[in-house]
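Everything on this sheet refers to the single structure shown next.
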Amino acid sequence: MNLDDIPAGSLCVIDTNVLLYAEHGGSLQAQRLLRRIERRDLLGVLPQPVWQELSHKFMMAEAQMLGHTSGGNPARQLASKPEVVKRLSLYRDKIKALATLGLGFEPCTKADLMDKAFELQERYGFLTNDSVILAIALRLDADALVSADTRFQVTKDIRVYAPSDLRLPS
Amino acid sequence: MKQKIGTLIEEDIMRLAKRRAAEEGRPLSDLIQDALVQYLSPGAASAKEREMAYHLFCERPFKLTPEQFRDLLEEDPWDL
């Protein structure tokens with residue numbers, strides 16, 4: 001099922017990769033998903049790890065775009081340049097824009113990690129962030145988990161939607 | 001899920017609402033929902049603010065090379 005198949009009014013928990021594709025223009029379905037959230041046709045929520053991961057990746061993207069990092073391990077390069085980090089601002093504006101357009105912020109509770117996420121890790125072999133995202137989606141009783149990550153397709157606990165129009169830059 | 005409701009609204013208010021919806025090029029139901037959201041959660045962004053936020057997010061992408069975008073997808077936040 002692709003992102004255009006999500007029924008109106010659904011509560012969607014969205015993974016980081018879908019937002020990266022939407023921002024970069026690598027998936028029109030991902031952009032339409034955000035448009036539907038902006039117009040309140042869908043309810044969108046990002047679990048805390050997604051907000052954090054996206055902030056991190058956008059910070060790296062802005063630093064790279066401005067030529068402050070190059071090559072491998074941009075995080076390590078940037079960690080040694082706090083003055084550069086202080087001057088970056090577009091990544092923060094973009095993260096705030098997501099909140100403004102209507103995406104909710106769902107914190108991770110102790111039970112999300114220690115009960116549900118650990119159980120999901122035992123059952124499916126998910127890494128920590130993926131299992132926390134799924135645990136939060138299940139707690140919220142979300143109608144849809146939206147991710148380009150095929151690993152989520154094994155889960156039977158929630159309906160998973162993936163963009164079918166990804167255009168990876170060549 | 002969206003729900004159909006039936007209610008009574010003063011004629012002149014309805015006229016103003018319809019005119020505004022037409023000016024903004026969106027359905028009346030959308031406008032009424034927006035007004036209710038503003039009333040129920042005063043801090044919520046307006047339709048215009050949400051629209052601008054969408055444009056900032058989706059229509060001003062970071063200028064990255066294809067390789068940089070691929071690295072970004074694979075970048076592990078815990079890898080320092």
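Labels used: A, B, ... for chains in the order of the structure tokens, numbers from 1 for residues in each chain, and numbers from 1 for ligands as shown.
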
For segment 38-51 of chain A, work out the shell of residues within 7 Å, counting only C-alpha atoms and skipping chain neighbours fewer than 2 positions away, then give it as number ranges by chain.
A: 8-16, 34-36, 53-55, 101-108, 129, 133, 136; B: 50-51

Show me, as an MDAnalysis selection string, every residue of chain A with an atom at most 8 Å from chain B, counting only C-alpha atoms.
chainID A and resid 8:10 17 20 22:25 31 34:35 38:39 53 56:57 60:62 64:65 73 75:76 94 97:98 100:102 168:170

Can you pull out every residue from chain B that DSSP, working from the backbone, puts in alpha helix (DSSP H), and format the result as number ranges by chain?
B: 11-24, 28-40, 47-59, 66-74

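One finds atom CA of Arg92 of chain A at 17.0 Å from atom CA of Ala79 of chain A.
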
Would you work out the distance separating atom CA of Tyr91 of chain A from atom CA of Met59 of chain A, expressed in Å to one decimal?
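Answer for the atom CA of Tyr91 of chain A to atom CA of Met59 of chain A separation: 5.4 Å.
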